[in-house]
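Everything below belongs to query.cif, which stores mmCIF, C-alpha atoms.
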data_query
#
loop_
_atom_site.label_atom_id
_atom_site.label_comp_id
_atom_site.auth_asym_id
_atom_site.auth_seq_id
_atom_site.Cartn_x
_atom_site.Cartn_y
_atom_site.Cartn_z
CA MET A 1 2.97 76.18 -47.70
CA LYS A 2 4.92 73.43 -49.37
CA GLY A 3 7.04 73.04 -46.30
CA ARG A 4 4.02 72.68 -44.04
CA ILE A 5 2.41 70.18 -46.39
CA GLY A 6 5.62 68.23 -46.60
CA TRP A 7 5.89 68.23 -42.80
CA LYS A 8 2.30 67.00 -42.43
CA SER A 9 2.80 64.42 -45.13
CA MET A 10 5.89 63.11 -43.39
CA LEU A 11 4.05 63.08 -40.07
CA LEU A 12 1.10 61.21 -41.58
CA ALA A 13 3.40 58.80 -43.36
CA GLY A 14 5.37 58.27 -40.21
CA GLY A 15 2.20 57.76 -38.21
CA LEU A 16 0.92 55.31 -40.76
CA SER A 17 4.19 53.44 -40.65
CA ILE A 18 4.10 53.30 -36.86
CA SER A 19 0.47 52.20 -36.98
CA LEU A 20 1.23 49.44 -39.47
CA GLN A 21 4.20 48.28 -37.46
CA SER A 22 2.08 48.34 -34.30
CA GLY A 23 -0.61 46.30 -36.04
CA LEU A 24 1.97 43.74 -37.07
CA VAL A 25 3.31 43.53 -33.54
CA GLN A 26 -0.20 43.08 -32.15
CA ALA A 27 -1.24 40.42 -34.66
CA ALA A 28 -2.45 37.29 -32.87
CA GLU A 29 0.04 34.44 -32.71
CA TYR A 30 -2.74 31.84 -32.41
CA GLU A 31 -6.32 31.63 -33.66
CA MET A 32 -9.33 29.70 -32.38
CA ALA A 33 -12.43 29.49 -34.57
CA ILE A 34 -15.54 28.03 -32.89
CA ALA A 35 -18.50 26.70 -34.91
CA THR A 36 -22.03 26.20 -33.60
CA LEU A 37 -25.55 25.84 -34.95
CA ILE A 38 -26.76 28.22 -32.22
CA PRO A 39 -27.68 31.67 -33.56
CA GLU A 40 -25.46 34.64 -32.77
CA ASN A 41 -27.99 36.10 -30.37
CA LEU A 42 -27.30 37.18 -26.80
CA ASN A 43 -30.95 37.12 -25.79
CA ASN A 44 -32.54 33.81 -26.84
CA ASN A 45 -30.07 31.08 -25.88
CA SER A 46 -27.51 30.25 -23.21
CA ILE A 47 -24.62 29.05 -25.37
CA TYR A 48 -23.74 32.05 -27.54
CA PRO A 49 -23.38 34.48 -24.57
CA ALA A 50 -21.09 31.94 -22.89
CA LEU A 51 -18.94 31.74 -26.02
CA VAL A 52 -18.77 35.55 -26.17
CA HIS A 53 -17.60 35.59 -22.55
CA PHE A 54 -14.99 32.97 -23.46
CA LYS A 55 -13.76 35.04 -26.42
CA ASN A 56 -13.46 38.26 -24.42
CA GLN A 57 -11.65 36.68 -21.50
CA VAL A 58 -9.27 34.49 -23.52
CA GLU A 59 -8.20 37.40 -25.70
CA THR A 60 -7.70 39.59 -22.63
CA ARG A 61 -5.84 36.95 -20.62
CA THR A 62 -3.47 36.15 -23.48
CA GLY A 63 -2.86 39.82 -24.28
CA GLY A 64 -4.41 39.35 -27.70
CA GLU A 65 -2.03 36.53 -28.61
CA LEU A 66 -4.90 34.05 -28.94
CA GLU A 67 -7.70 35.42 -31.11
CA VAL A 68 -11.12 33.75 -30.81
CA ASN A 69 -13.78 33.95 -33.53
CA ILE A 70 -17.30 32.55 -33.19
CA PHE A 71 -19.29 31.34 -36.20
CA GLY A 72 -22.90 30.78 -35.17
CA GLY A 73 -26.06 29.83 -37.01
CA GLY A 74 -24.44 26.95 -38.88
CA GLN A 75 -22.31 29.26 -41.02
CA LEU A 76 -19.57 26.64 -41.36
CA GLY A 77 -21.81 23.64 -41.97
CA SER A 78 -23.58 20.90 -40.06
CA GLU A 79 -22.32 19.54 -36.76
CA VAL A 80 -20.88 16.44 -38.41
CA GLU A 81 -19.16 18.61 -41.04
CA THR A 82 -17.62 20.95 -38.47
CA GLY A 83 -16.71 18.01 -36.25
CA SER A 84 -14.83 16.44 -39.16
CA GLN A 85 -12.91 19.69 -39.70
CA VAL A 86 -11.92 19.85 -36.03
CA GLN A 87 -11.03 16.18 -36.09
CA GLY A 88 -8.83 16.80 -39.12
CA GLY A 89 -6.20 18.62 -37.09
CA GLY A 90 -7.80 22.00 -36.49
CA ARG A 91 -6.04 23.73 -39.39
CA ALA A 92 -9.06 25.84 -40.42
CA LEU A 93 -11.50 25.15 -37.58
CA GLN A 94 -10.31 24.55 -34.05
CA SER A 95 -13.53 24.03 -32.07
CA THR A 96 -17.18 23.03 -32.43
CA ILE A 97 -20.29 22.35 -30.34
CA LEU A 98 -21.77 18.87 -30.93
CA THR A 99 -25.20 17.75 -29.73
CA SER A 100 -25.70 14.13 -28.71
CA GLY A 101 -26.50 12.66 -32.14
CA ALA A 102 -23.49 14.26 -33.82
CA MET A 103 -21.23 13.52 -30.86
CA SER A 104 -22.08 9.83 -31.13
CA SER A 105 -20.83 9.89 -34.73
CA PHE A 106 -17.34 10.65 -33.45
CA TYR A 107 -17.53 8.94 -30.04
CA PRO A 108 -20.15 6.17 -30.05
CA GLU A 109 -19.93 5.69 -26.28
CA TYR A 110 -21.61 9.09 -25.87
CA GLN A 111 -24.88 7.42 -26.81
CA VAL A 112 -25.20 6.26 -23.18
CA VAL A 113 -26.05 9.87 -22.27
CA THR A 114 -29.33 9.46 -24.17
CA THR A 115 -30.61 7.23 -21.35
CA PRO A 116 -34.30 8.06 -20.78
CA PHE A 117 -35.13 9.80 -17.50
CA LEU A 118 -31.44 10.05 -16.65
CA PHE A 119 -31.69 13.12 -14.41
CA ASP A 120 -34.20 14.31 -11.83
CA ASN A 121 -33.24 17.99 -11.95
CA TRP A 122 -30.78 20.50 -13.37
CA SER A 123 -28.49 20.47 -10.34
CA GLN A 124 -27.94 16.74 -10.71
CA ALA A 125 -27.33 17.04 -14.46
CA TRP A 126 -24.85 19.89 -14.10
CA ALA A 127 -22.98 18.20 -11.26
CA PHE A 128 -22.72 14.99 -13.27
CA PHE A 129 -21.51 16.67 -16.46
CA ASP A 130 -18.98 18.64 -14.41
CA SER A 131 -17.79 15.55 -12.50
CA LYS A 132 -14.40 13.86 -12.68
CA TRP A 133 -16.16 10.64 -13.71
CA PHE A 134 -17.62 12.28 -16.81
CA ALA A 135 -14.38 14.12 -17.63
CA ASP A 136 -12.54 10.79 -17.50
CA PHE A 137 -15.23 9.21 -19.68
CA MET A 138 -14.96 12.01 -22.25
CA SER A 139 -11.16 11.80 -22.33
CA GLY A 140 -11.75 8.90 -24.73
CA THR A 141 -12.48 11.44 -27.47
CA VAL A 142 -8.77 12.23 -27.72
CA ASP A 143 -7.93 8.75 -29.04
CA ALA A 144 -11.26 8.20 -30.81
CA ALA A 145 -11.45 11.50 -32.68
CA ASP A 146 -8.41 13.70 -31.94
CA MET A 147 -10.75 16.03 -30.06
CA ARG A 148 -10.50 17.29 -26.49
CA TYR A 149 -13.61 17.80 -24.35
CA LEU A 150 -14.01 21.16 -22.60
CA GLY A 151 -17.50 20.84 -21.13
CA THR A 152 -21.19 20.22 -21.68
CA PHE A 153 -23.81 22.83 -22.49
CA ASP A 154 -27.54 22.24 -22.12
CA ASP A 155 -29.04 21.90 -25.58
CA GLY A 156 -32.13 24.11 -25.54
CA GLY A 157 -32.45 23.90 -21.78
CA GLY A 158 -31.89 20.17 -21.37
CA PHE A 159 -35.21 18.63 -20.36
CA VAL A 160 -37.78 18.06 -23.12
CA ALA A 161 -41.57 18.36 -23.36
CA PHE A 162 -44.03 16.57 -25.61
CA THR A 163 -46.38 18.49 -27.86
CA ASN A 164 -49.17 16.72 -29.77
CA ASN A 165 -52.51 17.15 -31.50
CA LYS A 166 -54.54 14.34 -29.95
CA ARG A 167 -54.71 14.68 -26.17
CA LEU A 168 -52.96 15.91 -23.06
CA ILE A 169 -50.38 13.36 -21.92
CA LYS A 170 -50.81 12.83 -18.18
CA THR A 171 -49.79 9.19 -17.85
CA VAL A 172 -47.79 6.70 -19.86
CA ASP A 173 -51.08 5.22 -21.06
CA ASP A 174 -51.84 8.47 -22.90
CA LEU A 175 -48.89 7.82 -25.20
CA LYS A 176 -50.38 4.62 -26.58
CA GLY A 177 -51.39 4.97 -30.20
CA LEU A 178 -49.69 8.33 -30.71
CA ASN A 179 -47.30 8.75 -33.62
CA ILE A 180 -44.36 10.79 -32.32
CA ARG A 181 -41.74 12.34 -34.55
CA VAL A 182 -38.24 11.69 -33.19
CA GLU A 183 -34.76 12.64 -34.31
CA GLU A 184 -33.06 10.19 -36.64
CA ASN A 185 -31.68 8.48 -33.56
CA PRO A 186 -32.50 4.81 -32.88
CA ALA A 187 -32.30 5.46 -29.14
CA HIS A 188 -35.39 7.64 -29.35
CA VAL A 189 -37.19 5.07 -31.49
CA ALA A 190 -36.54 2.37 -28.90
CA MET A 191 -37.76 4.64 -26.11
CA MET A 192 -41.02 5.60 -27.80
CA SER A 193 -41.78 2.02 -28.76
CA ALA A 194 -41.31 0.91 -25.16
CA LEU A 195 -43.73 3.60 -23.97
CA GLY A 196 -46.41 2.43 -26.40
CA ALA A 197 -46.11 5.15 -29.04
CA SER A 198 -45.13 4.81 -32.68
CA ALA A 199 -41.92 6.60 -33.63
CA THR A 200 -41.39 8.38 -36.94
CA PRO A 201 -37.76 9.45 -37.43
CA LEU A 202 -37.58 12.67 -39.45
CA PRO A 203 -34.99 15.41 -39.99
CA TRP A 204 -35.65 18.78 -38.38
CA GLY A 205 -36.56 20.43 -41.66
CA GLU A 206 -39.54 18.10 -42.19
CA LEU A 207 -40.99 18.39 -38.69
CA ILE A 208 -43.52 21.21 -39.13
CA THR A 209 -44.89 19.72 -42.35
CA ALA A 210 -45.25 16.32 -40.69
CA LEU A 211 -47.33 17.84 -37.89
CA GLU A 212 -49.42 19.91 -40.29
CA THR A 213 -50.23 16.96 -42.55
CA GLY A 214 -50.80 14.42 -39.80
CA LEU A 215 -47.77 12.31 -40.70
CA ALA A 216 -46.93 12.70 -37.01
CA ASP A 217 -49.29 13.42 -34.09
CA GLY A 218 -46.62 15.03 -31.97
CA GLN A 219 -42.97 15.54 -31.15
CA PHE A 220 -40.73 16.41 -28.21
CA ASN A 221 -38.19 19.15 -27.78
CA ALA A 222 -37.05 21.52 -25.07
CA PRO A 223 -39.68 24.16 -24.22
CA VAL A 224 -37.30 26.81 -25.59
CA LEU A 225 -37.58 25.23 -29.04
CA ASN A 226 -41.29 24.51 -28.69
CA THR A 227 -42.03 28.19 -28.20
CA THR A 228 -39.30 29.61 -30.46
CA PHE A 229 -40.55 27.58 -33.41
CA ASN A 230 -44.24 28.09 -32.55
CA PHE A 231 -45.20 24.43 -32.24
CA ASN A 232 -48.38 25.70 -30.61
CA GLU A 233 -49.54 26.61 -34.12
CA VAL A 234 -49.45 22.97 -35.25
CA THR A 235 -50.06 21.12 -31.96
CA ASP A 236 -52.50 21.80 -29.11
CA TYR A 237 -51.16 20.05 -26.00
CA THR A 238 -47.83 20.04 -24.20
CA THR A 239 -46.50 17.99 -21.29
CA LEU A 240 -43.16 18.53 -19.57
CA THR A 241 -41.87 15.02 -18.89
CA GLY A 242 -38.12 15.54 -19.07
CA HIS A 243 -37.74 12.02 -20.46
CA VAL A 244 -34.71 13.13 -22.49
CA TYR A 245 -31.97 15.53 -21.43
CA ASN A 246 -30.47 17.19 -24.50
CA SER A 247 -26.79 18.04 -24.19
CA ALA A 248 -24.10 19.59 -26.35
CA GLY A 249 -20.41 18.87 -25.95
CA TRP A 250 -17.79 21.57 -26.48
CA MET A 251 -14.85 20.10 -28.36
CA VAL A 252 -11.48 21.40 -29.54
CA SER A 253 -8.89 19.87 -31.83
CA GLU A 254 -6.38 17.96 -29.74
CA THR A 255 -3.66 18.58 -32.33
CA TRP A 256 -4.31 22.32 -32.18
CA PHE A 257 -4.59 22.33 -28.38
CA GLN A 258 -1.19 20.67 -28.01
CA SER A 259 0.32 23.32 -30.30
CA LEU A 260 -0.48 26.02 -27.75
CA PRO A 261 1.96 27.05 -25.02
CA GLU A 262 0.97 25.45 -21.71
CA GLU A 263 0.07 28.86 -20.30
CA TYR A 264 -2.52 29.32 -23.06
CA GLN A 265 -3.79 25.76 -22.66
CA ARG A 266 -4.52 26.57 -19.03
CA ILE A 267 -6.29 29.80 -19.99
CA VAL A 268 -8.45 28.01 -22.57
CA VAL A 269 -9.47 25.27 -20.12
CA GLN A 270 -10.14 27.58 -17.18
CA THR A 271 -12.08 30.11 -19.23
CA ALA A 272 -14.12 27.37 -20.88
CA ARG A 273 -15.10 26.05 -17.46
CA GLU A 274 -16.21 29.56 -16.45
CA ALA A 275 -18.28 29.84 -19.63
CA ILE A 276 -19.93 26.46 -19.03
CA SER A 277 -20.91 27.45 -15.48
CA MET A 278 -22.25 30.76 -16.71
CA SER A 279 -24.41 29.02 -19.33
CA HIS A 280 -25.99 26.60 -16.85
CA GLY A 281 -27.95 29.23 -14.95
CA ALA A 282 -28.99 31.01 -18.13
CA SER A 283 -30.19 27.71 -19.55
CA GLY A 284 -32.46 27.05 -16.60
CA ALA A 285 -33.85 30.57 -16.77
CA PHE A 286 -34.62 30.34 -20.50
CA ALA A 287 -36.21 26.90 -20.09
CA THR A 288 -38.40 28.05 -17.20
CA ALA A 289 -39.55 31.16 -19.04
CA SER A 290 -40.33 29.09 -22.13
CA TRP A 291 -42.34 26.56 -20.14
CA GLN A 292 -44.40 29.38 -18.64
CA LYS A 293 -44.96 30.73 -22.13
CA SER A 294 -45.97 27.23 -23.30
CA CYS A 295 -48.74 27.22 -20.72
CA GLU A 296 -49.99 30.50 -22.21
CA VAL A 297 -49.88 29.64 -25.92
CA PHE A 298 -50.83 25.94 -26.01
CA GLU A 299 -54.45 24.97 -25.36
CA GLU A 300 -53.38 22.88 -22.35
CA CYS A 301 -50.12 22.23 -20.51
CA TYR A 302 -49.19 19.66 -17.87
CA LEU A 303 -46.16 19.22 -15.64
CA MET A 304 -45.80 15.50 -15.06
CA PRO A 305 -45.45 14.55 -11.37
CA VAL A 306 -42.46 12.61 -10.04
CA ALA A 307 -44.41 9.38 -9.46
CA GLU A 308 -45.56 9.15 -13.08
CA ARG A 309 -42.10 10.01 -14.37
CA GLN A 310 -40.74 7.12 -12.31
CA ARG A 311 -43.40 4.81 -13.72
CA MET A 312 -42.45 5.81 -17.26
CA ALA A 313 -38.76 5.37 -16.47
CA GLU A 314 -39.34 1.83 -15.20
CA ILE A 315 -40.86 0.98 -18.58
CA ALA A 316 -38.51 2.90 -20.88
CA ARG A 317 -35.09 2.28 -19.36
CA PRO A 318 -34.97 -1.55 -19.60
CA ALA A 319 -36.08 -1.47 -23.25
CA TRP A 320 -33.54 1.28 -24.04
CA LYS A 321 -30.79 -0.67 -22.25
CA LYS A 322 -31.57 -3.79 -24.26
CA TRP A 323 -31.30 -1.75 -27.45
CA ILE A 324 -28.03 -0.01 -26.63
CA VAL A 325 -26.30 -3.19 -25.48
CA ASN A 326 -27.62 -5.71 -28.03
CA ASP A 327 -28.12 -3.51 -31.08
CA PHE A 328 -25.82 -0.51 -30.66
CA GLY A 329 -23.00 -2.50 -29.08
CA ILE A 330 -22.26 -0.52 -25.91
CA LYS A 331 -20.96 -2.62 -23.02
CA GLU A 332 -23.51 -3.18 -20.27
CA LYS A 333 -20.91 -2.30 -17.63
CA LEU A 334 -20.56 1.21 -19.03
CA VAL A 335 -24.34 1.71 -18.88
CA ASN A 336 -24.48 0.43 -15.31
CA ASP A 337 -21.50 2.53 -14.23
CA LEU A 338 -23.00 5.70 -15.72
CA TRP A 339 -26.37 5.09 -14.07
CA ALA A 340 -24.68 4.44 -10.73
CA GLU A 341 -22.64 7.62 -10.97
CA VAL A 342 -25.70 9.73 -11.81
CA ASP A 343 -27.53 8.25 -8.81
CA ARG A 344 -24.52 8.86 -6.56
CA VAL A 345 -24.24 12.48 -7.67
CA GLY A 346 -27.94 13.02 -6.99
CA GLU A 347 -27.82 11.51 -3.50
CA ASP A 348 -24.65 13.41 -2.59
CA LEU A 349 -26.25 16.69 -3.62
CA LYS A 350 -29.29 16.02 -1.44
CA LYS A 351 -27.12 15.21 1.58
CA GLN A 352 -24.74 18.10 1.06
CA ASN A 353 -27.46 20.65 0.50
CA PHE A 354 -29.39 19.73 3.61
CA ALA A 355 -26.23 19.44 5.72
CA ARG A 356 -25.15 22.93 4.68
CA TYR A 357 -28.47 24.76 4.50
CA GLY A 358 -31.06 22.67 6.30
CA LYS A 359 -29.50 22.22 9.73
#

Go through the file and emit its structure as structure tokens.
Amino acid sequence: MKGRIGWKSMLLAGGLSISLQSGLVQAAEYEMAIATLIPENLNNNSIYPALVHFKNQVETRTGGELEVNIFGGGQLGSEVETGSQVQGGGRALQSTILTSGAMSSFYPEYQVVTTPFLFDNWSQAWAFFDSKWFADFMSGTVDAADMRYLGTFDDGGGFVAFTNNKRLIKTVDDLKGLNIRVEENPAHVAMMSALGASATPLPWGELITALETGLADGQFNAPVLNTTFNFNEVTDYTTLTGHVYNSAGWMVSETWFQSLPEEYQRIVVQTAREAISMSHGASGAFATASWQKSCEVFEECYLMPVAERQRMAEIARPAWKKWIVNDFGIKEKLVNDLWAEVDRVGEDLKKQNFARYGK
């Protein structure tokens, strides 16, 4: 009996030793922690599933040598806080997702992307954000913030919709006299003022109370957020104008990135691009489903026609441009170049699509 127990004990001990040694051999050489405010949910947003795809593929393609961990739901702090950690050399946090307001804190030039009525449709937006022009533009984050740009996600589906308590917004004239809550972003204040509305900048946490108490008549967010946070319970009307396109940049520490072997750098970049592409379609699907739901739960909904959007753009864009050049300090040439590139991308898509599929 003792002999058998001893034999088993030695076998178990040996197995444990082999297991421990194997675990040490398989320990990841590199780690990549990614922070985002997006919840860790595969079914209600387009960003977290894309990050999960990235994690699975990077770990597989590096044979487990690069371990990826995702921290969603703001576990590691605000966007500015996580951006500062990434900017600090990527020792504890190597990557973060920054929406436009936070991104502008690290790279002020990004504020040009808040141009009102910048895009006509998702295809144009995705093609622009995936373009060489925009990649070259975002390469400035390396010097400005020691962060490398991997790609742009749609924040909540991109295009936004108004909700308000007073009336259905069908024309720019319907905005006059409304008090609209905006993010604490002077670009949005300038835009609302140009369109005839009053702007009340408030943090996200005060939004519902502001609508309930009448401090604000309305607000705008992507339809995904309007339905997820039940704005139909505090506002009656919604209009999809798409006057703002919300975006979120995926950033990694440049110091950390350069510490990787070139083979792993290539894997990170290529897999990130796959994840971005994957998220685009999901984003459009979520946004469309949420807009349909909006039309069910709000008292009235309205999809603003192209002609009225153009009319609003002709009013909002000059006022916004004056603000960003004179007050924010962005060079007018950069604004003009970005607008020209967006227009070029849109026209090229129209020509290419018809040439390939319409003839």

Nearest to Glu40 (chain A) by atom-to-atom distance, counting all atoms listed in the file, from A:Gln85, A:Asn69, A:Ser253, A:Ser247: A:Asn69

query: Quick one: which residues end up in the PyMOL selection byres ((chain A and resi 220-234) around 8) for this structure, as a list in words?
result: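 After applying the PyMOL selection byres ((chain A and resi 220-234) around 8), what remains is Gly156, Gly157, Gly158, Phe159, Val160, Ala161, Phe162, Thr163, Asn165, Ile180, Arg181, Val182, Ile208, Leu211, Glu212, Gly218, Gln219, Thr235, Asp236, Tyr237, Asn246, Phe286, Ala287, Ser290, Trp291, Lys293, Ser294, Val297 and Phe298 of chain A.
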
- prompt: Where does the PyMOL selection byres ((chain A and resi 134) around 12) land in this file, that is, which residues does it pick, as JSON, numbers by chain?
  reply: {"A": [109, 110, 112, 113, 125, 126, 127, 128, 129, 130, 131, 132, 133, 135, 136, 137, 138, 139, 140, 141, 149, 150, 151, 152, 249, 334, 337, 338, 339, 341, 342, 345]}

Could you take the residues named above and write them with C-alpha atoms, as a compact mmCIF listing (two decimals), keeping the file's coordinate frame?
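Here's the written file part.txt:
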# COMPACT_ATOMS: atom_id res chain seq x y z
CA GLU A 109 -19.93 5.69 -26.28
CA TYR A 110 -21.61 9.09 -25.87
CA VAL A 112 -25.20 6.26 -23.18
CA VAL A 113 -26.05 9.87 -22.27
CA ALA A 125 -27.33 17.04 -14.46
CA TRP A 126 -24.85 19.89 -14.10
CA ALA A 127 -22.98 18.20 -11.26
CA PHE A 128 -22.72 14.99 -13.27
CA PHE A 129 -21.51 16.67 -16.46
CA ASP A 130 -18.98 18.64 -14.41
CA SER A 131 -17.79 15.55 -12.50
CA LYS A 132 -14.40 13.86 -12.68
CA TRP A 133 -16.16 10.64 -13.71
CA ALA A 135 -14.38 14.12 -17.63
CA ASP A 136 -12.54 10.79 -17.50
CA PHE A 137 -15.23 9.21 -19.68
CA MET A 138 -14.96 12.01 -22.25
CA SER A 139 -11.16 11.80 -22.33
CA GLY A 140 -11.75 8.90 -24.73
CA THR A 141 -12.48 11.44 -27.47
CA TYR A 149 -13.61 17.80 -24.35
CA LEU A 150 -14.01 21.16 -22.60
CA GLY A 151 -17.50 20.84 -21.13
CA THR A 152 -21.19 20.22 -21.68
CA GLY A 249 -20.41 18.87 -25.95
CA LEU A 334 -20.56 1.21 -19.03
CA ASP A 337 -21.50 2.53 -14.23
CA LEU A 338 -23.00 5.70 -15.72
CA TRP A 339 -26.37 5.09 -14.07
CA GLU A 341 -22.64 7.62 -10.97
CA VAL A 342 -25.70 9.73 -11.81
CA VAL A 345 -24.24 12.48 -7.67

Non-local contacts of His243 (chain A) (12 Å; all atoms listed in the file; under 4 positions in same chain excluded) as a PyMOL selection string: chain A and resi 114-121+158-162+172+188+191-192+195+220-222+239+304+306+308-317

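Closest approach to Ala102 (chain A) among A:Val80, A:Trp250, A:Tyr245, A:Pro201 is made by A:Val80 (distances from all atoms listed in the file).
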
message: I want to know what sits within 9 Å of Lys55 (chain A), based on only C-alpha atoms, with residues of the same chain fewer than 6 positions away left out; could you give that as a VMD selection string?
response: chain A and resid 67 to 70 271

message: Under the rule that only C-alpha atoms are counted, which of A:Ile97, A:Leu51, A:Ala199, A:Met147 is the nearest residue to Phe257 (chain A)?
response: A:Met147

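From CA of Glu262 (chain A) back to CA of Ala92 (chain A), the distance works out to 21.2 Å.
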
- prompt: If you measure from CA of Arg61 (chain A) to CA of Ile38 (chain A), what distance in Å do you get, rounded to one decimal?
  reply: 25.5 Å

query: Can you list, as a PyMOL selection string, every protein, DNA or RNA residue that comes within 6 Å of Val252 (chain A) when you count all atoms listed in the file, leaving out same-chain residues fewer than 6 positions away?
result: chain A and resi 94-95+147-148

query: If you count only C-alpha atoms, which residues fall within 8 Å of Lys321 (chain A), apart from same-chain ones fewer than 3 positions away, as a list in words?
result: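 Counting only C-alpha atoms, the residues come to Thr115, Arg317, Pro318, Ile324, Val325, Glu332 and Val335 of chain A.
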
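Reported to one decimal place, the separation of CA of Leu303 (chain A) from CA of Leu240 (chain A) is 5.0 Å.
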
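With only C-alpha atoms as the atoms that count, the residue of A:Gly89, A:Pro39, A:Gly63, A:Pro108 with the shortest distance to Lys331 (chain A) is A:Pro108.
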
- request: Between A:Ala197, A:Ile169, A:Leu175, A:Leu98, single out the one closest to Asp155 (chain A), counting all atoms listed in the file.
  value: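 Closest to Asp155 (chain A) of all the choices is A:Leu98.
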
- request: Using all atoms listed in the file, pick whichever of A:Leu42, A:Cys301, A:Val58, A:Ala340 has the shortest atom-to-atom distance to Val269 (chain A).
  value: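 That would be A:Val58, the residue with the smallest distance to Val269 (chain A).
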
- request: Give me the result of the PyMOL selection byres ((chain A and resi 202) around 8) on this file, residue by residue, as JSON, numbers by chain.
  value: {"A": [181, 182, 183, 184, 200, 201, 203, 204, 206, 207]}

File of the preceding selection, C-alpha atoms, as a CSV table (one decimal), in the frame of the given file:
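After the write, again08.csv holds the following:
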chain,number,residue,atom,x,y,z
A,181,ARG,CA,-41.7,12.3,-34.6
A,182,VAL,CA,-38.2,11.7,-33.2
A,183,GLU,CA,-34.8,12.6,-34.3
A,184,GLU,CA,-33.1,10.2,-36.6
A,200,THR,CA,-41.4,8.4,-36.9
A,201,PRO,CA,-37.8,9.4,-37.4
A,203,PRO,CA,-35.0,15.4,-40.0
A,204,TRP,CA,-35.6,18.8,-38.4
A,206,GLU,CA,-39.5,18.1,-42.2
A,207,LEU,CA,-41.0,18.4,-38.7

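Close contacts of Gly88 (chain A), defined as residues with an atom at most 9 Å away when counting all atoms listed in the file, with chain neighbours fewer than 5 positions off set aside, comprise Gly83, Leu93, Ala145, Asp146, Ser253 and Thr255 of chain A.
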
As a compact mmCIF listing (two decimals), keeping the file's coordinate frame, the rebuilt region 154-158 of chain A with all heavy atoms:
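Full text of result.txt as output:
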# COMPACT_ATOMS: atom_id res chain seq x y z
N ASP A 154 -26.18 22.75 -21.95
CA ASP A 154 -27.54 22.24 -22.12
C ASP A 154 -28.00 22.61 -23.52
O ASP A 154 -27.88 23.76 -23.93
CB ASP A 154 -28.49 22.88 -21.10
CG ASP A 154 -28.05 22.61 -19.67
OD1 ASP A 154 -27.53 21.53 -19.42
OD2 ASP A 154 -28.22 23.50 -18.82
N ASP A 155 -28.52 21.65 -24.25
CA ASP A 155 -29.04 21.90 -25.58
C ASP A 155 -30.50 22.32 -25.46
O ASP A 155 -31.37 21.51 -25.20
CB ASP A 155 -28.91 20.65 -26.44
CG ASP A 155 -29.47 20.81 -27.84
OD1 ASP A 155 -29.65 21.96 -28.26
OD2 ASP A 155 -29.73 19.79 -28.50
N GLY A 156 -30.76 23.62 -25.62
CA GLY A 156 -32.13 24.11 -25.54
C GLY A 156 -32.74 24.07 -24.16
O GLY A 156 -33.95 24.17 -24.01
N GLY A 157 -31.93 23.94 -23.14
CA GLY A 157 -32.45 23.90 -21.78
C GLY A 157 -32.45 22.52 -21.16
O GLY A 157 -32.83 22.34 -20.01
N GLY A 158 -32.00 21.51 -21.93
CA GLY A 158 -31.89 20.17 -21.37
C GLY A 158 -33.16 19.35 -21.47
O GLY A 158 -33.38 18.61 -22.43
